[in-house]
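Undergrad: Supplied structure: protein.tsv, TSV, C-alpha atoms and all ligand atoms.
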```tsv
chain	number	residue	atom	x	y	z
Y	1	MET	CA	139.83	164.60	97.91
Y	2	SER	CA	143.27	166.14	98.20
Y	3	ASN	CA	144.92	167.46	95.01
Y	4	VAL	CA	148.53	166.81	95.95
Y	5	VAL	CA	151.05	166.31	93.15
Y	6	ILE	CA	154.73	165.48	93.39
Y	7	THR	CA	156.67	167.96	91.24
Y	8	THR	CA	159.83	167.14	89.30
Y	9	SER	CA	161.89	168.63	92.12
Y	10	GLY	CA	160.36	166.07	94.48
Y	11	ARG	CA	158.30	168.72	96.31
Y	12	ALA	CA	154.71	167.93	97.20
Y	13	ASP	CA	152.41	170.72	95.95
Y	14	GLU	CA	148.72	171.24	96.65
Y	15	LEU	CA	146.81	172.12	93.46
Y	16	THR	CA	143.94	174.56	93.53
Y	17	GLU	CA	140.55	173.61	92.01
Y	18	ALA	CA	141.29	175.89	89.02
Y	19	GLU	CA	144.60	174.16	88.38
Y	20	VAL	CA	142.96	170.73	88.55
Y	21	LEU	CA	140.30	171.91	86.10
Y	22	GLN	CA	142.95	173.26	83.76
Y	23	ALA	CA	144.97	170.04	83.94
Y	24	THR	CA	141.84	167.99	83.19
Y	25	GLN	CA	141.00	170.20	80.21
Y	26	LEU	CA	144.55	169.96	78.88
Y	27	GLU	CA	144.43	166.19	79.27
Y	28	ARG	CA	141.15	166.07	77.29
Y	29	VAL	CA	142.41	168.41	74.52
Y	30	TRP	CA	145.69	166.55	74.02
Y	31	ARG	CA	144.30	163.00	74.31
Y	32	GLU	CA	144.94	160.85	71.21
Y	33	PRO	CA	141.61	160.39	69.38
Y	34	HIS	CA	140.36	156.82	68.94
Y	35	GLY	CA	138.58	154.94	66.15
Y	36	PHE	CA	138.70	155.16	62.37
Y	37	TRP	CA	138.30	158.95	62.09
Y	38	GLY	CA	140.51	159.43	65.11
Y	39	TRP	CA	143.36	157.89	63.13
Y	40	PHE	CA	143.12	160.77	60.63
Y	41	GLN	CA	142.81	163.37	63.38
Y	42	ALA	CA	146.00	162.39	65.20
Y	43	VAL	CA	148.38	165.34	65.60
Y	44	HIS	CA	150.80	164.16	68.27
Y	45	HIS	CA	154.38	164.57	67.11
Y	46	THR	CA	155.43	161.01	68.00
Y	47	THR	CA	152.51	159.60	65.97
Y	48	ILE	CA	153.24	161.82	62.95
Y	49	GLY	CA	157.00	161.18	63.24
Y	50	LYS	CA	156.42	157.41	63.23
Y	51	ARG	CA	154.09	157.73	60.23
Y	52	TYR	CA	156.78	159.65	58.35
Y	53	ALA	CA	159.30	156.88	59.08
Y	54	VAL	CA	156.96	154.02	58.07
Y	55	THR	CA	155.80	155.81	54.88
Y	56	ALA	CA	159.38	156.75	53.91
Y	57	PHE	CA	160.38	153.12	54.36
Y	58	GLY	CA	157.44	152.05	52.14
Y	59	PHE	CA	158.64	154.43	49.40
Y	60	PHE	CA	162.19	153.11	49.90
Y	61	LEU	CA	160.92	149.59	49.14
Y	62	LEU	CA	159.07	150.80	46.03
Y	63	ALA	CA	162.20	152.59	44.77
Y	64	GLY	CA	164.22	149.45	45.56
Y	65	LEU	CA	161.82	147.45	43.39
Y	66	LEU	CA	162.46	149.86	40.51
Y	67	ALA	CA	166.23	149.58	41.12
Y	68	GLY	CA	165.92	145.78	40.90
Y	69	VAL	CA	164.16	146.02	37.52
Y	70	MET	CA	166.83	148.46	36.26
Y	71	ARG	CA	169.59	146.10	37.39
Y	72	LEU	CA	167.82	143.28	35.53
Y	73	GLN	CA	167.89	145.38	32.35
Y	74	LEU	CA	171.59	146.18	32.91
Y	75	ALA	CA	172.57	142.62	33.84
Y	76	PHE	CA	172.78	141.30	30.25
Y	77	PRO	CA	174.08	142.97	27.07
Y	78	GLU	CA	171.40	143.81	24.49
Y	79	ALA	CA	168.60	143.08	26.96
Y	80	HIS	CA	165.15	144.39	26.03
Y	81	PHE	CA	163.50	144.03	29.39
Y	82	LEU	CA	162.75	147.78	29.58
Y	83	SER	CA	162.36	150.09	26.57
Y	84	PRO	CA	164.63	153.20	26.58
Y	85	ASP	CA	161.60	155.33	27.44
Y	86	LYS	CA	160.62	153.08	30.35
Y	87	TYR	CA	164.22	152.97	31.58
Y	88	ASN	CA	164.29	156.79	31.69
Y	89	GLN	CA	161.08	156.80	33.73
Y	90	PHE	CA	162.38	154.06	36.01
Y	91	PHE	CA	165.65	155.79	36.94
Y	92	THR	CA	163.96	159.16	37.34
Y	93	VAL	CA	161.19	157.80	39.58
Y	94	HIS	CA	163.76	155.70	41.47
Y	95	GLY	CA	166.11	158.68	42.03
Y	96	THR	CA	163.29	161.10	42.89
Y	97	THR	CA	161.76	158.63	45.33
Y	98	MET	CA	165.06	157.84	47.03
Y	99	MET	CA	165.93	161.51	47.46
Y	100	PHE	CA	162.59	163.23	48.09
Y	101	LEU	CA	160.28	160.49	49.35
Y	102	PHE	CA	162.81	158.50	51.37
Y	103	ALA	CA	166.07	160.28	52.31
Y	104	VAL	CA	164.76	163.77	53.07
Y	105	PRO	CA	161.55	162.68	54.91
Y	106	MET	CA	163.45	160.03	56.89
Y	107	MET	CA	166.42	162.23	57.85
Y	108	PHE	CA	164.59	165.47	58.48
Y	109	GLU	CA	160.84	165.06	58.97
Y	110	ALA	CA	160.69	161.70	60.75
Y	111	LEU	CA	163.63	162.33	63.07
Y	112	SER	CA	163.04	165.99	63.82
Y	113	VAL	CA	159.26	165.76	64.22
Y	114	TYR	CA	159.72	162.83	66.62
Y	115	LEU	CA	162.77	164.03	68.55
Y	116	VAL	CA	162.86	167.85	68.71
Y	117	PRO	CA	159.80	168.33	70.99
Y	118	LEU	CA	161.22	165.65	73.31
Y	119	MET	CA	164.61	167.37	73.32
Y	120	VAL	CA	163.25	170.83	74.08
Y	121	GLY	CA	160.64	169.50	76.51
Y	122	THR	CA	157.49	170.77	74.81
Y	123	ARG	CA	154.12	169.05	74.79
Y	124	ASN	CA	153.98	168.95	70.98
Y	125	ILE	CA	155.55	170.51	67.93
Y	126	ALA	CA	154.50	174.10	67.06
Y	127	PHE	CA	151.42	174.11	64.78
Y	128	PRO	CA	150.57	170.40	65.25
Y	129	ARG	CA	147.71	170.42	62.72
Y	130	LEU	CA	149.96	171.99	60.09
Y	131	ASN	CA	152.47	169.26	60.88
Y	132	ALA	CA	149.83	166.55	60.32
Y	133	TYR	CA	148.68	168.32	57.13
Y	134	SER	CA	152.30	168.27	55.84
Y	135	TYR	CA	152.40	164.53	56.38
Y	136	TYR	CA	149.23	164.02	54.32
Y	137	LEU	CA	150.62	166.24	51.53
Y	138	TYR	CA	153.73	164.08	51.51
Y	139	LEU	CA	151.77	160.81	51.47
Y	140	PHE	CA	149.26	161.80	48.78
Y	141	GLY	CA	151.89	163.69	46.72
Y	142	GLY	CA	153.97	160.49	46.65
Y	143	LEU	CA	150.95	158.32	45.78
Y	144	MET	CA	150.00	160.73	42.97
Y	145	PHE	CA	153.54	160.55	41.65
Y	146	TYR	CA	153.32	156.73	41.53
Y	147	ALA	CA	149.84	156.87	39.99
Y	148	ALA	CA	151.38	159.00	37.20
Y	149	PHE	CA	154.23	156.52	36.80
Y	150	LEU	CA	151.83	153.56	36.55
Y	151	THR	CA	149.85	155.39	33.85
Y	152	ASN	CA	152.98	156.06	31.73
Y	153	THR	CA	153.25	159.68	32.90
Y	154	GLY	CA	156.30	159.12	35.09
Y	155	SER	CA	158.90	161.86	34.81
Y	156	ASP	CA	161.88	160.93	32.59
Y	157	ASN	CA	164.28	163.86	32.97
Y	158	GLY	CA	166.36	162.66	35.91
Y	159	TRP	CA	165.75	163.39	39.59
Y	160	PHE	CA	167.18	166.93	39.30
Y	161	SER	CA	164.86	167.77	36.32
Y	162	TYR	CA	167.14	170.33	34.69
Y	163	VAL	CA	166.02	172.45	31.76
Y	164	PRO	CA	166.35	172.32	28.78
Y	165	LEU	CA	165.87	168.52	29.15
Y	166	ALA	CA	162.82	169.09	31.37
Y	167	GLY	CA	161.51	172.06	29.35
Y	168	PRO	CA	158.77	172.04	26.70
Y	169	ASP	CA	161.25	171.50	23.83
Y	170	PHE	CA	162.55	168.16	25.07
Y	171	ALA	CA	159.81	167.06	27.46
Y	172	PRO	CA	156.41	167.67	25.87
Y	173	GLY	CA	153.38	166.25	27.72
Y	174	LYS	CA	152.53	166.14	31.39
Y	175	ARG	CA	155.45	164.15	32.82
Y	176	SER	CA	157.46	167.13	34.07
Y	177	ASP	CA	154.26	168.71	35.44
Y	178	PHE	CA	153.57	165.67	37.61
Y	179	TRP	CA	157.15	165.72	38.86
Y	180	ALA	CA	156.82	169.43	39.72
Y	181	CYS	CA	153.47	168.74	41.48
Y	182	LEU	CA	155.16	166.13	43.66
Y	183	LEU	CA	158.00	168.46	44.63
Y	184	ARG	CA	155.57	171.28	45.32
Y	185	GLN	CA	153.63	169.05	47.72
Y	186	VAL	CA	156.55	167.30	49.38
Y	187	ILE	CA	159.12	170.10	49.63
Y	188	GLY	CA	156.99	173.22	49.14
N	1	LIG	C1	170.54	148.44	46.29
N	1	LIG	C2	170.03	149.60	46.13
N	1	LIG	C3	170.06	150.43	44.85
N	1	LIG	C4	170.24	150.03	43.55
N	1	LIG	C5	170.42	148.62	43.00
N	1	LIG	C6	170.18	151.21	42.76
N	1	LIG	C7	170.28	151.24	41.37
N	1	LIG	C8	170.25	152.36	40.60
N	1	LIG	C9	170.33	152.39	39.16
N	1	LIG	C10	170.47	151.16	38.26
N	1	LIG	C11	170.26	153.67	38.76
N	1	LIG	C12	170.23	154.20	37.35
N	1	LIG	C13	171.62	154.51	36.87
N	1	LIG	C14	171.54	155.00	35.43
N	1	LIG	O1	171.26	154.17	34.55
N	1	LIG	O2	171.77	156.20	35.20
N	1	LIG	C15	170.14	154.47	39.97
N	1	LIG	C16	170.06	155.84	39.98
N	1	LIG	C17	169.93	156.60	41.11
N	1	LIG	N1	169.83	156.14	42.40
N	1	LIG	FE1	169.88	154.24	42.97
N	1	LIG	N2	170.00	152.28	43.57
N	1	LIG	C18	169.94	151.85	44.86
N	1	LIG	C19	169.78	152.61	45.99
N	1	LIG	C20	169.70	153.99	46.01
N	1	LIG	C21	169.60	154.79	47.20
N	1	LIG	C22	169.57	154.22	48.65
N	1	LIG	C23	169.53	156.09	46.80
N	1	LIG	C24	169.39	157.35	47.60
N	1	LIG	C25	168.96	157.41	48.85
N	1	LIG	C26	169.60	156.09	45.37
N	1	LIG	C27	169.57	157.22	44.59
N	1	LIG	C28	169.70	157.23	43.23
N	1	LIG	C29	169.72	158.45	42.43
N	1	LIG	C30	169.58	159.89	42.95
N	1	LIG	C31	169.86	158.05	41.10
N	1	LIG	C32	169.97	158.97	39.87
N	1	LIG	C33	168.61	159.07	39.21
N	1	LIG	C34	168.68	160.01	38.04
N	1	LIG	O3	169.69	160.05	37.34
N	1	LIG	O4	167.68	160.71	37.83
N	1	LIG	N3	169.69	154.80	44.93
N	1	LIG	N4	170.13	153.65	41.07
```
What is this structure when it is put down as structure tokens?
TA:
Amino acid sequence: MSNVVITTSGRADELTEAEVLQATQLERVWREPHGFWGWFQAVHHTTIGKRYAVTAFGFFLLAGLLAGVMRLQLAFPEAHFLSPDKYNQFFTVHGTTMMFLFAVPMMFEALSVYLVPLMVGTRNIAFPRLNAYSYYLYLFGGLMFYAAFLTNTGSDNGWFSYVPLAGPDFAPGKRSDFWACLLRQVIG
């Protein structure tokens, strides 16, 4: 069998056996894994980039839900739909989600992970496994943050979490710790 390939310049090149072997090995190494476990093993930048976009959009919807509840509270004077404590948690979780779980991952991670390797013409992003690991940190950090919110441990110091409001004097308990854990996982 002849190993002729047409190169990008339109030239027909004959590949040696070693080159064919190398190309086959590369094809095998970079092939997208299949099945249930394969889904977790995926490291291709387009797959991870799309996951960032879909997950960021999911968090955007969650934060939008919180915004809707806040607007309900603000829609009528003297409304008691949310307690002051819950309102503080709602706007903090809403703001933090919009900024760190939606805007930043959508603008930077999703777009750059998807596009940059295509723009520079590389096979994948540098350190593809680290890239996939970052995605899982982002996903599980965000889910942990919402688990804390659902168990009344949602941060209530605003999305910027300034001290002294976020310090031990004004924010006793674990709420600020959970917020810091999220940022450590998503941004750190
Ligand atoms: C229709 C969509 C939205 C509605 C109805 C909405 C509503 C609100 C409300 C009611 C607050 C609380 C204001 C307060 O009482 O201090 C708030 C805060 C905030 N929102 Fe939104 N929002 C929306 C979309 C967004 C988007 C798209 C972003 C950013 C990408 C965003 C980022 C923030 C931030 C950073 C805060 C401040 C949170 C804090 O003070 O800790 N919001 N929003």
Undergrad: Might you pull out every residue within 10 Å of Asp177 of chain Y, with all atoms listed in the file counted and same-chain residues fewer than 4 positions away left off, and present them as a PDB file with C-alpha atoms, keeping the file's coordinate frame?
TA:
```
ATOM      1  CA  THR Y 153     153.250 159.680  32.900  1.00  0.00           C
ATOM      2  CA  GLY Y 154     156.300 159.120  35.090  1.00  0.00           C
ATOM      3  CA  SER Y 155     158.900 161.860  34.810  1.00  0.00           C
ATOM      4  CA  ALA Y 166     162.820 169.090  31.370  1.00  0.00           C
ATOM      5  CA  ALA Y 171     159.810 167.060  27.460  1.00  0.00           C
ATOM      6  CA  PRO Y 172     156.410 167.670  25.870  1.00  0.00           C
ATOM      7  CA  GLY Y 173     153.380 166.250  27.720  1.00  0.00           C
ATOM      8  CA  CYS Y 181     153.470 168.740  41.480  1.00  0.00           C
ATOM      9  CA  LEU Y 182     155.160 166.130  43.660  1.00  0.00           C
ATOM     10  CA  LEU Y 183     158.000 168.460  44.630  1.00  0.00           C
TER      11      LEU Y 183
END
```
Undergrad: Neighbours of segment 132-138 of chain Y within 9 Å (only C-alpha atoms; same-chain residues fewer than 3 positions away dropped), as a count of residues only?
TA: 23
Undergrad: Please compute the atom C15 of ligand LIG 1 (chain N)-atom CA of Leu74 of chain Y distance, one decimal, in Å.
TA: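 According to the coordinates, atom C15 of ligand LIG 1 (chain N) and atom CA of Leu74 of chain Y are separated by 11.0 Å.
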Undergrad: Identify, counting all atoms listed in the file, the protein, DNA and RNA residues located within 6 Å of ligand LIG 1 (chain N), and give them as a PyMOL selection string.
TA: chain Y and resi 64+67-68+70-71+91-92+95+98-99+103+158-159
Undergrad: Which of these residues is nearest to Thr151 of chain Y, using all atoms listed in the file: Y:Leu21, Y:Val120, Y:Phe100, Y:Lys86?
TA: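 Among the listed residues, Y:Lys86 lies closest to Thr151 of chain Y.
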Undergrad: Quick one: distance from atom CA of Met144 of chain Y to atom CA of Gly35 of chain Y in Å, one decimal?
TA: 26.5 Å
Undergrad: What is the distance between atom CA of Phe149 of chain Y and atom CA of Val93 of chain Y, in Å to one decimal?
TA: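 These atoms are spaced 7.6 Å apart.
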Undergrad: Between Y:Arg184, Y:Thr46, Y:Phe60, Y:Leu65, which one has atoms that come closest to Pro117 of chain Y, using only C-alpha atoms?
TA: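 Residue with the minimum atom-to-atom distance to Pro117 of chain Y: Y:Thr46.
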Undergrad: Just checking: using all atoms listed in the file, which residue out of Y:Leu72, Y:Ala79, Y:Leu130, Y:Val113 ends up closest to Lys50 of chain Y?
TA: Y:Val113
Undergrad: For Asp85 of chain Y, find every residue with an atom within 10 Å (counting all atoms listed in the file), except residues of its own chain fewer than 5 positions away, and show them as a ChimeraX atom specification.
TA: /Y:90,152,156
